[in-house]
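**Student:** Starting off with a structure, shown below.
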Amino acid sequence: MLLKPVVLALILVSGLIGLTMIYAAWQGVVILRHFDLANSHPRQLALERKTYLISTILSYVMLFELLSLFLFIYAGEDLHHLFVGAMCAVGTFTVNSYGYTALLLKIASSLGCGIWLIINHLDNQGYDYPLIRTKYAFLLPLTALVLFEAYVQFGFFAHMAPNRITSCCGAVFSDEATTLTASLAHLPPALTQVLFWGGLLALIRSGIHFLATGQGARLFAWIAASMFVIGILAVLSFISVYWYELPTHHCPFCLLKAEYDWIGYPLYAALLLLGICGAGVGAVEQAAGIPSLAATLPRLQRRLCQAALVGAGLLAAIALWPLLVSDFTLG
């Protein structure tokens with residue numbers, strides 16, 4: 001199983017990302033202990049040059065980490081035909097105990113890397129490295145998370161047994177299933193629709209208020225982060241059902257198939273855009289009042305807010321489309 005091209009790519013990318021982040025975290029500890037812009041010691045000059053190099057490398061590394069999330073999801077879909085009983089990525093991720101843990105860790109790592117990229121970008125706009133301690137302090141637990149994710153991902157691929165009988169999505173998300181995912185999939189559709197559409201309206205309202213006044217960054221960030229979670233629940237509860245036109249089919253991975261126009265990829269990209277950019281508006285709010293970022297911060301927050309609203313708009317469009325073109329209803 002480890003010799004499959006998509007598996008080799010994921011393991012190689014995770015290994016390179018992990019090694020790079022270990023080195024960056026080690027240098028981050030040195031920077032946290034010794035960085036002092038008022039000091040003209042040669043070591044300080046070396047640290048300033050080094051932090052620029054590390055930030056540049058990490059920007060590419062964390063971008064690859066974000067992209068690897070979609071490659072991992074694709075791998076789940078691509079490998080399912082190797083397992084007896086699997087009909088989609090659900091069968092792949094349930095082939096051993098590592099699968100869903102690896103997926104959740106991938107999502108968490110991607111969100112963390114996205115936030116770090118935003119903080120790093122803002123820090124690079126200031127002439128006095130105003131957020132250097134913040135971003136390297138954040139890098140340390142993020143590195144631990146990425147390394148743990150790489151370990152679990154390797155365990156997932158290494159412990160795959162092609163002759164093992166696994167579960168199809170119909171069984172995993174059935175009414176009789178007692179798992180957490182099945183319980184979430186069978187939340188009352190009326191409740192999740194109220195939360196989803198009401199949350200989107202609240203997000204748009206708070207976003208417009210922020211763009212107009214520059215106030216309410218943290219509120220917008222909290223609503224966006226909540227909508228990331230609510231969006232996932234909505235996919236399980238009713239968005240997937242409307243796309244399949246089957247009231248018992250709640251699988252979030254069959255949306256990745258060609259018969260549904262691979263709509264799952266833009267759907268999950270929209271969720272990720274909404275979650276990262278929306279939360280990023282609040283994450284950089286701590287920089288308010290820093291003189292070197294007085295002009296840059298509001299401009300960056302506006303762009304992040306606009307990007308989050310674009311993600312929300314795409315998410316709403318994907319959720320609405322089957323309602324507009326189909327006669328199917330949930331009753």
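Identifiers in this document derive from the order of the structure tokens: chains are assigned A, B, ..., residues are numbered from 1 separately in each chain, and ligands are numbered from 1 in order of occurrence.
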Using only C-alpha atoms, I'd like a table of the residues in stretch 226-292 of chain A that come within 8 Å of stretch 67-89 of chain A; for each, show the closest atom pair and its distance in Å rounded to one decimal, ordered by chain and ascending number, as a tab-separated table.
**Tutor:**
```
residue	atom	partner	partner_atom	distance
A:Phe253	CA	A:Ala89	CA	6.0
A:Cys254	CA	A:Cys88	CA	6.2
A:Leu256	CA	A:Glu77	CA	7.6
A:Tyr265	CA	A:Phe70	CA	7.7
```
**Student:** Where does stretch 79-118 of chain A meet stretch 127-148 of chain A within 10 Å, residue by residue, with the nearest atom pair and distance in Å to one decimal for each, counting only C-alpha atoms, listed by chain and rising number, as a tab-separated table?
**Tutor:**
```
residue	atom	partner	partner_atom	distance
A:Ala102	CA	A:Phe148	CA	9.1
A:Leu105	CA	A:Leu145	CA	7.5
A:Lys106	CA	A:Val146	CA	8.0
A:Ala108	CA	A:Leu145	CA	8.2
A:Ser109	CA	A:Val146	CA	5.9
A:Ser110	CA	A:Val146	CA	9.0
A:Gly112	CA	A:Leu142	CA	6.6
A:Cys113	CA	A:Leu142	CA	7.5
A:Ile115	CA	A:Phe138	CA	9.6
A:Trp116	CA	A:Lys135	CA	6.7
A:Leu117	CA	A:Lys135	CA	9.0
A:Ile118	CA	A:Lys135	CA	9.7
```
**Student:** Identify which of the residues A:Ala221, A:Ala202, A:Ala9, A:Leu330 lies closest to A:Ser237, counting only C-alpha atoms when measuring atom-to-atom distances.
**Tutor:**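 Result for the nearest residue to A:Ser237: A:Leu330.
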**Student:** Can you tell me which residues surround A:Tyr23 at a distance of at most 12 Å, considering only C-alpha atoms, apart from same-chain residues fewer than 3 positions away, and format the answer as a list in words?
**Tutor:**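 Those residues are Leu16, Ile17, Gly18, Leu19, Thr20, Trp26, Gln27, Gly28, Val29, Val30, Lys50, Thr51, Ile54, Ser55, Ile57, Leu58, Leu139, Leu140 and Thr143 of chain A.
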**Student:** Take the residues just selected and output them with N, CA, C and O atoms as a PDB file, in the first residue's frame.
**Tutor:**
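Below is the file out.pdb, written as the result:
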```
ATOM      1  N   LEU A  16       8.943  15.890   4.644  1.00  0.00           N
ATOM      2  CA  LEU A  16       9.671  17.132   4.375  1.00  0.00           C
ATOM      3  C   LEU A  16       9.114  18.298   5.186  1.00  0.00           C
ATOM      4  O   LEU A  16       9.866  19.114   5.733  1.00  0.00           O
ATOM      5  N   ILE A  17       7.790  18.358   5.276  1.00  0.00           N
ATOM      6  CA  ILE A  17       7.162  19.413   6.078  1.00  0.00           C
ATOM      7  C   ILE A  17       7.568  19.276   7.534  1.00  0.00           C
ATOM      8  O   ILE A  17       7.925  20.262   8.206  1.00  0.00           O
ATOM      9  N   GLY A  18       7.531  18.035   8.056  1.00  0.00           N
ATOM     10  CA  GLY A  18       7.888  17.809   9.454  1.00  0.00           C
ATOM     11  C   GLY A  18       9.324  18.191   9.756  1.00  0.00           C
ATOM     12  O   GLY A  18       9.599  18.867  10.754  1.00  0.00           O
ATOM     13  N   LEU A  19      10.252  17.777   8.900  1.00  0.00           N
ATOM     14  CA  LEU A  19      11.663  18.099   9.130  1.00  0.00           C
ATOM     15  C   LEU A  19      11.897  19.602   9.068  1.00  0.00           C
ATOM     16  O   LEU A  19      12.647  20.165   9.887  1.00  0.00           O
ATOM     17  N   THR A  20      11.265  20.257   8.111  1.00  0.00           N
ATOM     18  CA  THR A  20      11.432  21.707   7.981  1.00  0.00           C
ATOM     19  C   THR A  20      10.889  22.429   9.208  1.00  0.00           C
ATOM     20  O   THR A  20      11.511  23.369   9.733  1.00  0.00           O
ATOM     21  N   TRP A  26      13.050  24.876  16.233  1.00  0.00           N
ATOM     22  CA  TRP A  26      14.297  24.987  17.002  1.00  0.00           C
ATOM     23  C   TRP A  26      14.878  26.398  16.883  1.00  0.00           C
ATOM     24  O   TRP A  26      15.267  27.010  17.883  1.00  0.00           O
ATOM     25  N   GLN A  27      14.902  26.931  15.678  1.00  0.00           N
ATOM     26  CA  GLN A  27      15.360  28.296  15.496  1.00  0.00           C
ATOM     27  C   GLN A  27      14.398  29.290  16.156  1.00  0.00           C
ATOM     28  O   GLN A  27      14.806  30.344  16.638  1.00  0.00           O
ATOM     29  N   GLY A  28      13.109  28.937  16.178  1.00  0.00           N
ATOM     30  CA  GLY A  28      12.134  29.792  16.834  1.00  0.00           C
ATOM     31  C   GLY A  28      12.401  29.936  18.322  1.00  0.00           C
ATOM     32  O   GLY A  28      12.218  31.020  18.892  1.00  0.00           O
ATOM     33  N   VAL A  29      12.822  28.851  18.963  1.00  0.00           N
ATOM     34  CA  VAL A  29      13.175  28.922  20.386  1.00  0.00           C
ATOM     35  C   VAL A  29      14.341  29.879  20.587  1.00  0.00           C
ATOM     36  O   VAL A  29      14.352  30.693  21.522  1.00  0.00           O
ATOM     37  N   VAL A  30      15.339  29.794  19.702  1.00  0.00           N
ATOM     38  CA  VAL A  30      16.491  30.705  19.785  1.00  0.00           C
ATOM     39  C   VAL A  30      16.037  32.145  19.608  1.00  0.00           C
ATOM     40  O   VAL A  30      16.473  33.044  20.355  1.00  0.00           O
ATOM     41  N   LYS A  50      18.126  35.302   9.535  1.00  0.00           N
ATOM     42  CA  LYS A  50      17.621  33.935   9.623  1.00  0.00           C
ATOM     43  C   LYS A  50      16.102  33.902   9.691  1.00  0.00           C
ATOM     44  O   LYS A  50      15.470  33.046   9.083  1.00  0.00           O
ATOM     45  N   THR A  51      15.504  34.815  10.437  1.00  0.00           N
ATOM     46  CA  THR A  51      14.043  34.795  10.554  1.00  0.00           C
ATOM     47  C   THR A  51      13.379  35.114   9.221  1.00  0.00           C
ATOM     48  O   THR A  51      12.317  34.561   8.912  1.00  0.00           O
ATOM     49  N   ILE A  54      13.657  31.779   7.292  1.00  0.00           N
ATOM     50  CA  ILE A  54      12.748  30.770   7.846  1.00  0.00           C
ATOM     51  C   ILE A  54      11.302  31.092   7.491  1.00  0.00           C
ATOM     52  O   ILE A  54      10.523  30.203   7.113  1.00  0.00           O
ATOM     53  N   SER A  55      10.933  32.360   7.606  1.00  0.00           N
ATOM     54  CA  SER A  55       9.554  32.758   7.284  1.00  0.00           C
ATOM     55  C   SER A  55       9.214  32.469   5.835  1.00  0.00           C
ATOM     56  O   SER A  55       8.106  32.024   5.516  1.00  0.00           O
ATOM     57  N   ILE A  57      10.632  30.157   3.845  1.00  0.00           N
ATOM     58  CA  ILE A  57      10.536  28.712   3.641  1.00  0.00           C
ATOM     59  C   ILE A  57       9.236  28.174   4.228  1.00  0.00           C
ATOM     60  O   ILE A  57       8.536  27.366   3.606  1.00  0.00           O
ATOM     61  N   LEU A  58       8.897  28.623   5.440  1.00  0.00           N
ATOM     62  CA  LEU A  58       7.676  28.148   6.088  1.00  0.00           C
ATOM     63  C   LEU A  58       6.421  28.543   5.303  1.00  0.00           C
ATOM     64  O   LEU A  58       5.422  27.815   5.339  1.00  0.00           O
ATOM     65  N   LEU A 139       4.217  28.827  16.494  1.00  0.00           N
ATOM     66  CA  LEU A 139       4.837  27.792  15.674  1.00  0.00           C
ATOM     67  C   LEU A 139       5.154  26.533  16.477  1.00  0.00           C
ATOM     68  O   LEU A 139       5.089  25.420  15.936  1.00  0.00           O
ATOM     69  N   LEU A 140       5.480  26.680  17.748  1.00  0.00           N
ATOM     70  CA  LEU A 140       5.910  25.530  18.551  1.00  0.00           C
ATOM     71  C   LEU A 140       4.794  24.483  18.706  1.00  0.00           C
ATOM     72  O   LEU A 140       4.999  23.309  18.370  1.00  0.00           O
ATOM     73  N   THR A 143       3.947  22.960  15.286  1.00  0.00           N
ATOM     74  CA  THR A 143       4.903  21.943  14.841  1.00  0.00           C
ATOM     75  C   THR A 143       4.594  20.595  15.466  1.00  0.00           C
ATOM     76  O   THR A 143       4.617  19.554  14.797  1.00  0.00           O
TER      77      THR A 143
END
```
**Student:** Calculated over only C-alpha atoms, which of the candidates A:Asn39, A:Ser226, A:Thr192, A:Thr181 has the smallest distance to A:Val90?
**Tutor:** A:Thr181
**Student:** Which value, in Å to one decimal, gives the distance between atom CA of A:Ile223 and atom CA of A:Ser206?
**Tutor:**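 Answer for the atom CA of A:Ile223 to atom CA of A:Ser206 separation: 8.4 Å.
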**Student:** Could you check the closest approach to A:Tyr100 for each of A:Ile119, A:Ala217, A:Leu45, A:Leu180 and tell me which residue wins, using only C-alpha atoms?
**Tutor:**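 Going through A:Ile119, A:Ala217, A:Leu45, A:Leu180 one by one, the smallest distance to A:Tyr100 is for A:Leu180.
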**Student:** Considering only C-alpha atoms, return as an MDAnalysis selection string whatever protein or nucleic-acid residues lie within 8 Å of A:Leu267, sequence-local ones (same chain, fewer than 2 positions apart) excluded.
**Tutor:** chainID A and resid 263:265 269:271 314:315 318
